$ cat my_file_38.tsv   # TSV, C-alpha atoms and all ligand atoms
chain	number	residue	atom	x	y	z
M	286	MET	CA	24.24	-1.65	-6.08
M	287	ILE	CA	20.47	-1.56	-6.26
M	288	THR	CA	18.10	-4.47	-5.69
M	289	VAL	CA	14.69	-4.59	-7.37
M	290	LEU	CA	11.74	-6.78	-6.28
M	291	SER	CA	9.81	-7.88	-9.36
M	292	GLY	CA	6.85	-9.74	-10.83
M	293	GLY	CA	6.33	-10.40	-14.52
M	294	THR	CA	4.82	-7.25	-16.10
M	295	GLY	CA	4.91	-3.93	-14.25
M	296	THR	CA	8.45	-4.08	-12.88
M	297	PRO	CA	9.99	-5.50	-16.08
M	298	LYS	CA	8.79	-2.29	-17.79
M	299	LEU	CA	10.61	-0.23	-15.17
M	300	LEU	CA	13.73	-2.42	-15.52
M	301	GLN	CA	13.99	-1.27	-19.16
M	302	GLY	CA	14.40	2.26	-17.81
M	303	LEU	CA	16.68	1.37	-14.89
M	304	VAL	CA	19.29	-0.41	-17.05
M	305	ARG	CA	19.57	2.73	-19.19
M	306	VAL	CA	20.29	5.11	-16.32
M	307	PHE	CA	22.26	2.82	-13.97
M	308	ASP	CA	25.04	0.27	-14.58
M	309	PRO	CA	23.19	-3.03	-15.28
M	310	GLU	CA	26.03	-4.91	-13.53
M	311	GLU	CA	25.06	-3.03	-10.34
M	312	ILE	CA	21.44	-4.21	-10.48
M	313	THR	CA	20.07	-7.36	-8.80
M	314	VAL	CA	16.48	-8.41	-9.53
M	315	ILE	CA	14.69	-10.68	-7.04
M	316	VAL	CA	11.82	-12.30	-8.94
M	317	ASN	CA	8.56	-13.85	-7.75
M	318	THR	CA	8.28	-17.63	-8.18
M	319	VAL	CA	4.96	-18.57	-6.53
M	320	GLU	CA	3.18	-19.23	-9.80
M	321	ASN	CA	5.93	-21.50	-11.16
M	322	GLY	CA	4.81	-24.93	-12.25
M	323	TYR	CA	4.90	-27.66	-14.90
M	324	PHE	CA	3.03	-27.18	-18.16
M	325	SER	CA	3.15	-29.93	-20.86
M	326	GLY	CA	5.95	-31.54	-18.82
M	327	VAL	CA	8.07	-28.36	-18.88
M	328	TYR	CA	9.01	-26.22	-15.85
M	329	VAL	CA	7.61	-22.70	-16.31
M	330	ALA	CA	8.88	-19.82	-14.16
M	331	PRO	CA	6.80	-17.09	-15.84
M	332	ASP	CA	8.06	-14.00	-14.02
M	333	VAL	CA	11.70	-15.17	-14.09
M	334	ASP	CA	11.50	-15.82	-17.85
M	335	THR	CA	9.89	-12.43	-18.48
M	336	VAL	CA	12.64	-10.67	-16.49
M	337	LEU	CA	15.38	-12.66	-18.30
M	338	TYR	CA	13.89	-11.93	-21.74
M	339	THR	CA	13.31	-8.25	-20.86
M	340	LEU	CA	16.92	-7.75	-19.71
M	341	ALA	CA	18.14	-9.70	-22.76
M	342	GLY	CA	16.09	-7.43	-25.04
M	343	ILE	CA	14.04	-10.29	-26.56
M	344	ILE	CA	10.78	-9.96	-24.62
M	345	ASN	CA	7.44	-9.84	-26.45
M	346	GLU	CA	6.25	-6.41	-25.30
M	347	ASP	CA	2.67	-6.94	-26.44
M	348	THR	CA	2.12	-9.76	-23.93
M	349	TRP	CA	5.02	-9.35	-21.46
M	350	TYR	CA	5.71	-13.06	-21.78
M	351	GLY	CA	7.53	-15.15	-24.39
M	352	VAL	CA	10.12	-14.30	-27.02
M	353	GLU	CA	9.50	-11.51	-29.55
M	354	GLY	CA	8.72	-12.92	-33.01
M	355	ASP	CA	8.47	-16.51	-31.73
M	356	THR	CA	6.65	-19.27	-33.65
M	357	PHE	CA	3.98	-21.55	-32.10
M	358	ILE	CA	4.34	-24.73	-34.14
M	359	THR	CA	4.67	-27.03	-31.12
M	360	HIS	CA	1.89	-25.23	-29.26
M	361	ASP	CA	-0.49	-25.58	-32.25
M	362	THR	CA	0.53	-29.18	-32.94
M	363	LEU	CA	-0.07	-30.13	-29.29
M	364	ARG	CA	-3.59	-28.75	-29.62
M	365	GLU	CA	-4.16	-30.68	-32.88
M	366	LEU	CA	-2.95	-33.83	-31.07
M	367	GLY	CA	-5.56	-33.28	-28.38
M	368	CYS	CA	-3.07	-31.96	-25.77
M	369	PRO	CA	-4.02	-28.26	-25.67
M	370	GLU	CA	-1.81	-26.07	-23.44
M	371	LEU	CA	-3.31	-23.48	-21.09
M	372	LEU	CA	-0.29	-21.22	-21.67
M	373	ARG	CA	0.56	-20.16	-25.22
M	374	ILE	CA	4.25	-21.22	-25.18
M	375	GLY	CA	6.32	-20.35	-28.24
M	376	ASP	CA	8.97	-22.63	-29.76
M	377	ARG	CA	12.03	-20.55	-28.72
M	378	ASP	CA	10.43	-19.87	-25.33
M	379	ARG	CA	9.89	-23.62	-24.91
M	380	ALA	CA	13.57	-24.32	-25.64
M	381	PHE	CA	14.58	-22.09	-22.72
M	382	LYS	CA	11.99	-23.79	-20.50
M	383	ILE	CA	13.13	-27.27	-21.54
M	384	GLN	CA	16.75	-26.31	-20.83
M	385	LYS	CA	15.73	-25.00	-17.38
M	386	THR	CA	13.83	-28.25	-16.71
M	387	LEU	CA	16.91	-30.31	-17.62
M	388	LEU	CA	19.31	-28.11	-15.59
M	389	MET	CA	17.02	-28.41	-12.57
M	390	GLU	CA	17.57	-32.16	-12.58
M	391	GLU	CA	21.15	-31.37	-11.47
M	392	MET	CA	20.96	-28.01	-9.70
M	393	PRO	CA	18.65	-25.60	-7.85
M	394	LEU	CA	16.57	-23.06	-9.78
M	395	HIS	CA	18.82	-20.11	-8.90
M	396	ARG	CA	21.82	-21.85	-10.51
M	397	ALA	CA	19.83	-22.74	-13.64
M	398	VAL	CA	18.70	-19.10	-13.92
M	399	GLU	CA	22.33	-17.96	-13.52
M	400	ILE	CA	23.38	-20.16	-16.46
M	401	GLN	CA	20.51	-18.97	-18.67
M	402	SER	CA	21.13	-15.36	-17.68
M	403	ARG	CA	24.80	-15.59	-18.72
M	404	ALA	CA	23.92	-17.37	-21.97
M	405	LEU	CA	21.48	-14.55	-22.78
M	406	GLY	CA	24.16	-11.93	-22.13
M	407	VAL	CA	22.16	-10.42	-19.26
M	408	LYS	CA	24.51	-8.19	-17.20
M	409	SER	CA	22.26	-7.77	-14.15
M	410	ARG	CA	21.90	-10.53	-11.57
M	411	VAL	CA	18.52	-12.29	-11.74
M	412	LEU	CA	17.62	-14.17	-8.55
M	413	PRO	CA	14.46	-16.24	-8.13
M	414	MET	CA	12.99	-15.39	-4.70
M	415	SER	CA	13.12	-19.07	-3.65
M	416	ASN	CA	14.28	-22.46	-4.96
M	417	GLU	CA	11.40	-24.15	-3.18
M	418	GLU	CA	8.19	-25.29	-4.81
M	419	SER	CA	5.41	-22.95	-3.80
M	420	SER	CA	1.80	-22.65	-4.80
M	421	ILE	CA	-0.77	-19.92	-4.94
M	422	VAL	CA	-4.50	-20.51	-4.54
M	423	ILE	CA	-7.15	-17.99	-5.53
M	424	VAL	CA	-10.25	-18.58	-3.37
M	425	THR	CA	-13.24	-17.52	-5.46
M	426	ASP	CA	-17.03	-17.62	-5.20
M	427	GLU	CA	-16.74	-20.66	-7.52
M	428	GLY	CA	-14.25	-22.47	-5.27
M	429	ASP	CA	-10.45	-22.64	-5.08
M	430	MET	CA	-8.48	-22.07	-8.28
M	431	GLU	CA	-4.83	-22.45	-9.21
M	432	PHE	CA	-3.33	-19.08	-10.22
M	433	HIS	CA	-3.25	-19.75	-13.97
M	434	GLU	CA	-6.75	-21.23	-14.02
M	435	PHE	CA	-7.99	-17.97	-12.50
M	436	LEU	CA	-5.81	-15.65	-14.55
M	437	VAL	CA	-5.69	-17.31	-17.96
M	438	GLU	CA	-8.62	-19.76	-18.21
M	439	ARG	CA	-11.10	-17.55	-16.34
M	440	ARG	CA	-9.51	-14.24	-17.34
M	441	SER	CA	-9.63	-13.00	-13.74
M	442	GLU	CA	-13.46	-12.81	-13.89
M	443	PRO	CA	-14.59	-14.76	-10.75
M	444	GLU	CA	-15.14	-12.89	-7.49
M	445	VAL	CA	-12.04	-13.25	-5.28
M	446	LEU	CA	-12.63	-14.08	-1.58
M	447	ASP	CA	-9.00	-14.75	-0.57
M	448	VAL	CA	-5.50	-15.37	-1.94
M	449	ARG	CA	-3.29	-17.98	-0.27
M	450	PHE	CA	0.30	-18.96	-0.95
M	451	LYS	CA	2.63	-21.40	0.79
M	452	GLY	CA	5.49	-19.66	2.61
M	453	VAL	CA	8.91	-20.60	1.25
M	454	LYS	CA	12.57	-19.99	2.16
M	455	PRO	CA	14.59	-17.24	0.42
M	456	ALA	CA	17.01	-18.52	-2.22
M	457	PRO	CA	20.74	-18.17	-1.41
M	458	GLY	CA	21.78	-14.54	-1.87
M	459	VAL	CA	18.31	-12.99	-1.54
M	460	LEU	CA	18.64	-11.56	1.99
M	461	ASP	CA	22.21	-10.43	1.28
M	462	ALA	CA	21.10	-8.71	-1.97
M	463	ILE	CA	18.60	-6.69	0.09
M	464	GLU	CA	20.88	-5.89	3.04
M	465	SER	CA	23.89	-4.89	0.94
M	466	ALA	CA	21.91	-2.71	-1.50
M	467	ASP	CA	22.45	1.07	-1.58
M	468	ALA	CA	18.73	1.19	-2.40
M	469	VAL	CA	15.93	-1.35	-2.76
M	470	ILE	CA	13.16	-0.71	-5.28
M	471	VAL	CA	9.80	-2.43	-4.94
M	472	GLY	CA	8.61	-2.27	-8.56
M	473	PRO	CA	5.06	-1.54	-9.75
M	474	SER	CA	4.02	-5.18	-9.50
M	475	ASN	CA	0.98	-6.87	-7.98
M	476	PRO	CA	1.39	-6.18	-4.23
M	477	ILE	CA	-0.45	-9.40	-3.27
M	478	THR	CA	0.69	-12.12	-5.68
M	479	SER	CA	4.02	-10.77	-6.98
M	480	ILE	CA	5.58	-8.65	-4.21
M	481	GLY	CA	3.63	-10.21	-1.29
M	482	PRO	CA	5.28	-13.66	-1.52
M	483	ILE	CA	8.75	-12.05	-1.64
M	484	ILE	CA	8.32	-9.74	1.37
M	485	HIS	CA	6.61	-12.42	3.47
M	486	MET	CA	9.56	-14.81	3.30
M	487	ASP	CA	11.43	-15.23	6.62
M	488	GLY	CA	13.81	-12.34	7.30
M	489	VAL	CA	12.89	-10.17	4.32
M	490	ILE	CA	10.91	-7.45	6.14
M	491	ASP	CA	13.65	-7.22	8.82
M	492	SER	CA	16.24	-6.81	6.04
M	493	LEU	CA	14.11	-4.23	4.22
M	494	ARG	CA	13.78	-2.20	7.41
M	495	ARG	CA	17.57	-1.81	7.50
M	496	VAL	CA	17.90	-0.27	4.03
M	497	ASN	CA	16.43	2.59	1.99
M	498	VAL	CA	13.33	1.26	0.21
M	499	SER	CA	11.28	3.02	-2.48
M	500	ALA	CA	8.21	1.64	-4.23
M	501	VAL	CA	6.21	2.59	-7.31
M	502	SER	CA	2.47	2.14	-6.97
M	503	PRO	CA	0.86	-0.06	-9.66
M	504	PHE	CA	-2.41	1.83	-9.15
M	505	THR	CA	-3.85	4.94	-10.68
M	506	GLY	CA	-7.08	6.25	-9.19
M	507	GLY	CA	-8.95	3.27	-7.76
M	508	ARG	CA	-7.65	0.88	-10.40
M	509	ALA	CA	-4.57	-1.08	-11.31
M	510	PHE	CA	-3.03	-0.11	-14.66
M	511	SER	CA	-3.72	-3.70	-15.68
M	512	GLY	CA	-4.64	-7.10	-14.25
M	513	PRO	CA	-6.35	-8.43	-11.09
M	514	ALA	CA	-4.33	-6.60	-8.39
M	515	GLY	CA	-7.39	-4.59	-7.31
M	516	LYS	CA	-9.47	-7.75	-6.72
M	517	PHE	CA	-6.63	-9.38	-4.78
M	518	MET	CA	-6.10	-6.27	-2.63
M	519	GLU	CA	-9.80	-6.05	-1.69
M	520	ALA	CA	-9.92	-9.80	-0.95
M	521	LYS	CA	-7.10	-9.22	1.58
M	522	GLY	CA	-8.88	-6.22	3.12
M	523	TYR	CA	-6.90	-3.43	1.47
M	524	GLU	CA	-8.27	-0.56	-0.59
M	525	ALA	CA	-7.54	-1.07	-4.30
M	526	SER	CA	-5.51	2.14	-4.51
M	527	SER	CA	-2.13	3.69	-3.82
M	528	LEU	CA	-3.32	4.20	-0.23
M	529	GLY	CA	-3.87	0.43	0.02
M	530	VAL	CA	-0.34	-0.08	-1.35
M	531	ALA	CA	1.04	2.25	1.34
M	532	GLU	CA	-0.82	0.20	3.98
M	533	ILE	CA	0.73	-3.06	2.76
M	534	TYR	CA	4.32	-1.71	2.58
M	535	ARG	CA	4.25	0.69	5.57
M	536	ASP	CA	6.40	-1.55	7.82
M	537	PHE	CA	9.52	-1.01	5.73
M	538	LEU	CA	8.84	1.60	3.02
M	539	ASP	CA	10.68	4.95	3.05
M	540	ARG	CA	9.26	6.43	-0.14
M	541	LEU	CA	6.23	5.80	-2.35
M	542	ILE	CA	5.98	7.09	-5.92
M	543	ILE	CA	2.37	7.63	-6.98
M	544	ASP	CA	0.75	8.75	-10.21
M	545	GLU	CA	-0.41	12.33	-10.86
M	546	THR	CA	-4.00	11.02	-10.85
M	547	ASP	CA	-3.51	10.11	-7.17
M	548	SER	CA	-2.32	13.54	-5.96
M	549	ASP	CA	-5.45	13.79	-3.76
M	550	LEU	CA	-4.15	10.79	-1.75
M	551	LYS	CA	-0.81	12.41	-0.87
M	552	GLY	CA	-1.86	13.73	2.56
M	553	GLU	CA	-3.38	10.41	3.62
M	554	ILE	CA	-0.37	8.43	2.40
M	555	GLU	CA	2.08	10.77	4.16
M	556	LYS	CA	0.53	9.62	7.47
M	557	LEU	CA	1.93	6.14	6.64
M	558	ILE	CA	5.03	6.70	4.48
M	559	LYS	CA	7.49	9.52	5.23
M	560	GLU	CA	8.18	10.50	1.61
M	561	VAL	CA	5.61	10.58	-1.22
M	562	THR	CA	6.55	11.63	-4.75
M	563	ILE	CA	3.94	12.43	-7.38
M	564	THR	CA	4.85	11.90	-11.03
M	565	LYS	CA	3.62	10.22	-14.20
M	566	THR	CA	3.91	6.50	-13.54
M	567	ASN	CA	2.15	5.23	-16.68
M	568	MET	CA	5.05	3.73	-18.68
M	569	LYS	CA	3.95	3.88	-22.33
M	570	ASN	CA	7.37	4.23	-23.95
M	571	ILE	CA	11.07	4.06	-23.13
M	572	GLY	CA	11.11	7.79	-22.31
M	573	ASP	CA	8.51	7.27	-19.58
M	574	LYS	CA	10.51	4.33	-18.21
M	575	ILE	CA	13.77	6.29	-18.13
M	576	MET	CA	12.09	9.29	-16.49
M	577	LEU	CA	10.55	7.09	-13.76
M	578	ALA	CA	13.89	5.32	-13.23
M	579	ARG	CA	15.68	8.67	-12.83
M	580	ILE	CA	13.11	9.92	-10.30
M	581	LEU	CA	13.43	6.65	-8.37
M	582	LEU	CA	17.22	6.65	-8.27
M	583	GLY	CA	17.48	10.42	-7.70
M	584	GLU	CA	20.26	10.94	-5.20
M	585	ILE	CA	22.20	7.73	-5.97
M	586	LEU	CA	22.54	8.54	-9.69
P	1	LIG	C1	-0.79	-11.03	-14.12
P	1	LIG	C2	-0.01	-9.92	-13.50
P	1	LIG	O1	1.09	-10.48	-12.83
P	1	LIG	P1	2.57	-10.28	-13.42
P	1	LIG	O2	2.55	-10.60	-14.89
P	1	LIG	O3	3.54	-10.99	-12.55
P	1	LIG	O4	2.77	-8.71	-13.30
P	1	LIG	P2	3.36	-7.81	-12.14
P	1	LIG	O5	2.82	-8.25	-10.84
P	1	LIG	O6	4.83	-7.64	-12.31
P	1	LIG	O7	2.72	-6.42	-12.55
P	1	LIG	C3	1.32	-6.25	-12.63
P	1	LIG	C4	1.07	-4.85	-12.20
P	1	LIG	O8	1.79	-3.97	-13.06
P	1	LIG	C5	1.11	-2.74	-13.02
P	1	LIG	N1	1.50	-1.95	-14.19
P	1	LIG	C6	1.51	-2.36	-15.48
P	1	LIG	N2	1.92	-1.36	-16.28
P	1	LIG	C7	2.20	-0.30	-15.46
P	1	LIG	C8	2.66	1.03	-15.68
P	1	LIG	O9	2.92	1.48	-16.81
P	1	LIG	N3	2.83	1.81	-14.57
P	1	LIG	C9	2.55	1.36	-13.30
P	1	LIG	N4	2.75	2.21	-12.26
P	1	LIG	N5	2.10	0.10	-13.03
P	1	LIG	C10	1.93	-0.69	-14.12
P	1	LIG	C11	-0.35	-3.15	-13.07
P	1	LIG	O10	-1.17	-2.18	-12.46
P	1	LIG	C12	-0.38	-4.46	-12.35
P	1	LIG	O11	-0.94	-4.35	-11.03
P	1	LIG	C13	-0.86	-9.16	-12.50
P	1	LIG	O12	-0.89	-9.58	-11.32
P	1	LIG	O13	-1.48	-8.13	-12.92
P	2	LIG	O1	-2.38	-14.73	-19.70
P	2	LIG	C1	-1.49	-15.46	-20.18
P	2	LIG	N1	-0.27	-15.47	-19.59
P	2	LIG	C2	0.69	-16.24	-20.14
P	2	LIG	N2	1.94	-16.24	-19.57
P	2	LIG	C3	2.20	-15.26	-18.51
P	2	LIG	C4	2.05	-15.79	-17.19
P	2	LIG	O2	1.59	-17.04	-17.03
P	2	LIG	C5	1.26	-14.86	-16.25
P	2	LIG	O3	0.93	-13.65	-16.79
P	2	LIG	C6	2.21	-14.70	-15.10
P	2	LIG	O4	2.25	-15.93	-14.42
P	2	LIG	C7	1.77	-13.63	-14.17
P	2	LIG	O5	2.77	-13.52	-13.24
P	2	LIG	C8	2.99	-17.01	-20.07
P	2	LIG	C9	4.25	-17.00	-19.46
P	2	LIG	C10	5.28	-17.76	-20.00
P	2	LIG	O6	6.49	-17.76	-19.40
P	2	LIG	C11	5.08	-18.50	-21.17
P	2	LIG	C12	3.83	-18.52	-21.78
P	2	LIG	C13	2.77	-17.78	-21.24
P	2	LIG	C14	1.49	-17.80	-21.85
P	2	LIG	C15	0.47	-17.03	-21.28
P	2	LIG	C16	-0.84	-17.01	-21.86
P	2	LIG	O7	-1.13	-17.69	-22.86
P	2	LIG	N3	-1.77	-16.21	-21.29
P	3	MG	MG	3.61	-12.76	-11.65

$ encode --input "my_file_38.tsv" --output "structure tokens"
Amino acid sequence: MITVLSGGTGTPKLLQGLVRVFDPEEITVIVNTVENGYFSGVYVAPDVDTVLYTLAGIINEDTWYGVEGDTFITHDTLRELGCPELLRIGDRDRAFKIQKTLLMEEMPLHRAVEIQSRALGVKSRVLPMSNEESSIVIVTDEGDMEFHEFLVERRSEPEVLDVRFKGVKPAPGVLDAIESADAVIVGPSNPITSIGPIIHMDGVIDSLRRVNVSAVSPFTGGRAFSGPAGKFMEAKGYEASSLGVAEIYRDFLDRLIIDETDSDLKGEIEKLIKEVTITKTNMKNIGDKIMLARILLGEIL
């Protein structure tokens, strides 16, 4: 059994490769929940929904959110009514979110996700990192911003001075999924706002130290492949590079996979992480994703 720590873009790409080289029923995905919240009265768990849709084969791969081919009648009508939504939520996507909102009136998030996962025919286990409400604040030169205000409204433009999130408790099954894994994979997700909240929950680093953990760097050269990870890393005092990633994960990481463009960093990183593998980590098509998954799983395949 392998356990994957995931956000909502980078790691879902890798998951598409992993489920083709390893039995999906032997994969557990622990998903970030710190940016969950209510939008237009509906509970949105963005990274969880992206992982569910990716594993169900219905994800919109242009945006890495929402359902492929979805319509936006409700979204557009809300705007015409003078209730514009910050997030562009499709009609099918909204149905899943409304169902999750209703289920959560009777059960915790991890149970609601289990029901939706089964209904979508997803064979892997999808576990939200926590059932507790959390929040993430981006401290910028223009003041504090909620995650989506920074990311979507301001398109990650403001200067980032700090990133803060409320610590939460692991959901039932999270620590066990790490400790009983033959291997844990930290996917190429934002180390600060996607992986950070997961590893900083009580007991997670201790559990990770007891198992074999590999990570894929989301950086190439001094830049993230996409998104604000570089700004968040620098705001927390880390270099925006694969070396910075090694610094963040060094307490528990056994192996770091870095891109060919970072081969000059290998020596430096090997002072922090015992095994460094250099390969192509830019996942442009399913072949790239399968190749990266094979390299990651190596000996347990
Ligand atoms: C907004 C975004 O957060 P989220 O949608 O949750 O995304 P993740 O944290 O899961 O991933 C963002 C992270 O992914 C890296 N990325 C994207 N494509 C690739 C790839 O082909 N290879 C690779 N090694 N990493 C990839 C990207 O650099 C981002 O840092 C967010 O925080 O960006
Ligand atoms: O940048 C955006 N991200 C959108 N996201 C993605 C998401 O909010 C962020 O990219 C993640 O929170 C990052 O982890 C959505 C996620 C959903 O589940 C449903 C709808 C959206 C809509 C948007 C959007 O309009 N713009
Ligand atoms: Mg995310």

$ residues_near_ligand --input "my_file_38.tsv" --ligand "ligand LIG 2 (chain P)" --cutoff "7 Å" --atoms "only C-alpha atoms and all ligand atoms" --output "MDAnalysis selection string"
chainID M and resid 292:293 320 329:332 334:335 350:351 371:374 378 433 436:437 479

$ atom_distance --input "my_file_38.tsv" --atom1 "CA of Met286 (chain M)" --atom2 "CA of Gly583 (chain M)"
13.9 Å

$ atom_distance --input "my_file_38.tsv" --atom1 "CA of Thr296 (chain M)" --atom2 "CA of Glu584 (chain M)"
20.6 Å

$ closest_residue --input "my_file_38.tsv" --among "M:Pro473, M:Gly428, M:Gly326, M:Pro503" --to "Leu299 (chain M)" --atoms "only C-alpha atoms"
M:Pro473

$ residues_near_ligand --input "my_file_38.tsv" --ligand "ligand LIG 1 (chain P)" --cutoff "9 Å" --atoms "only C-alpha atoms and all ligand atoms" --output "PyMOL selection string"
chain M and resi 291-299+317+320+331-332+335+349-350+436-437+472-480+501-505+508-515+517+542-544+565-570+573-574

$ closest_residue --input "my_file_38.tsv" --among "M:Ile423, M:Leu387, M:Val319, M:Val459" --to "ligand MG 3 (chain P)" --atoms "all atoms listed in the file"
M:Val319

$ closest_residue --input "my_file_38.tsv" --among "M:Phe432, M:Tyr323, M:Phe537, M:Phe307" --to "Val448 (chain M)" --atoms "all atoms listed in the file"
M:Phe432

$ residues_near_point --input "my_file_38.tsv" --point "(4.2, -11.1, 3.6)" --cutoff "10 Å" --atoms "all atoms listed in the file" --output "list in words"
Phe450, Gly452, Pro476, Ile477, Thr478, Ile480, Gly481, Pro482, Ile483, Ile484, His485, Met486, Asp487, Val489, Ile490, Ile533 and Tyr534 of chain M

$ residues_around --input "my_file_38.tsv" --residues "Ser548 (chain M)" --least-positions-apart "5" --cutoff "12 Å" --atoms "only C-alpha atoms" --output "list in words"
Thr505, Gly506, Ser526, Ser527, Leu528, Ile542, Ile543, Glu553, Ile554, Glu555, Val561, Thr562, Ile563, Thr564 and Lys565 of chain M

$ build_atoms --input "my_file_38.tsv" --residues "region 514-521 of chain M" --atoms "all heavy atoms" --output "CSV table (one decimal), in the coordinates of the input"
chain,number,residue,atom,x,y,z
M,514,ALA,N,-4.9,-7.0,-9.7
M,514,ALA,CA,-4.3,-6.6,-8.4
M,514,ALA,C,-5.4,-6.0,-7.5
M,514,ALA,O,-5.4,-6.2,-6.3
M,514,ALA,CB,-3.2,-5.6,-8.6
M,515,GLY,N,-6.3,-5.2,-8.1
M,515,GLY,CA,-7.4,-4.6,-7.3
M,515,GLY,C,-8.2,-5.6,-6.6
M,515,GLY,O,-8.5,-5.5,-5.4
M,516,LYS,N,-8.6,-6.7,-7.3
M,516,LYS,CA,-9.5,-7.8,-6.7
M,516,LYS,C,-8.7,-8.4,-5.6
M,516,LYS,O,-9.3,-8.8,-4.5
M,516,LYS,CB,-9.8,-8.8,-7.8
M,516,LYS,CG,-10.9,-8.4,-8.7
M,516,LYS,CD,-11.3,-9.6,-9.6
M,516,LYS,CE,-12.6,-9.4,-10.3
M,516,LYS,NZ,-13.0,-10.6,-11.1
M,517,PHE,N,-7.4,-8.7,-5.8
M,517,PHE,CA,-6.6,-9.4,-4.8
M,517,PHE,C,-6.5,-8.5,-3.5
M,517,PHE,O,-6.6,-8.9,-2.4
M,517,PHE,CB,-5.2,-9.7,-5.3
M,517,PHE,CG,-5.3,-10.8,-6.4
M,517,PHE,CD1,-4.1,-11.0,-7.2
M,517,PHE,CD2,-6.4,-11.6,-6.7
M,517,PHE,CE1,-4.1,-11.9,-8.2
M,517,PHE,CE2,-6.4,-12.5,-7.7
M,517,PHE,CZ,-5.2,-12.7,-8.5
M,518,MET,N,-6.3,-7.2,-3.8
M,518,MET,CA,-6.1,-6.3,-2.6
M,518,MET,C,-7.4,-6.3,-1.8
M,518,MET,O,-7.3,-6.4,-0.6
M,518,MET,CB,-5.8,-4.8,-3.1
M,518,MET,CG,-4.5,-4.7,-3.9
M,518,MET,SD,-3.2,-4.2,-2.9
M,518,MET,CE,-3.5,-2.5,-2.6
M,519,GLU,N,-8.5,-6.1,-2.4
M,519,GLU,CA,-9.8,-6.0,-1.7
M,519,GLU,C,-10.1,-7.4,-1.0
M,519,GLU,O,-10.5,-7.4,0.2
M,519,GLU,CB,-10.9,-5.7,-2.6
M,519,GLU,CG,-10.9,-4.2,-3.0
M,519,GLU,CD,-11.8,-3.8,-4.1
M,519,GLU,OE1,-12.4,-4.7,-4.8
M,519,GLU,OE2,-12.0,-2.5,-4.3
M,520,ALA,N,-9.7,-8.5,-1.6
M,520,ALA,CA,-9.9,-9.8,-1.0
M,520,ALA,C,-9.1,-9.9,0.3
M,520,ALA,O,-9.5,-10.6,1.3
M,520,ALA,CB,-9.5,-10.9,-1.9
M,521,LYS,N,-8.0,-9.2,0.4
M,521,LYS,CA,-7.1,-9.2,1.6
M,521,LYS,C,-7.4,-8.1,2.5
M,521,LYS,O,-6.6,-7.8,3.5
M,521,LYS,CB,-5.6,-9.2,1.2
M,521,LYS,CG,-5.2,-10.4,0.3
M,521,LYS,CD,-5.4,-11.7,0.9
M,521,LYS,CE,-4.3,-12.2,1.8
M,521,LYS,NZ,-4.6,-13.6,2.3
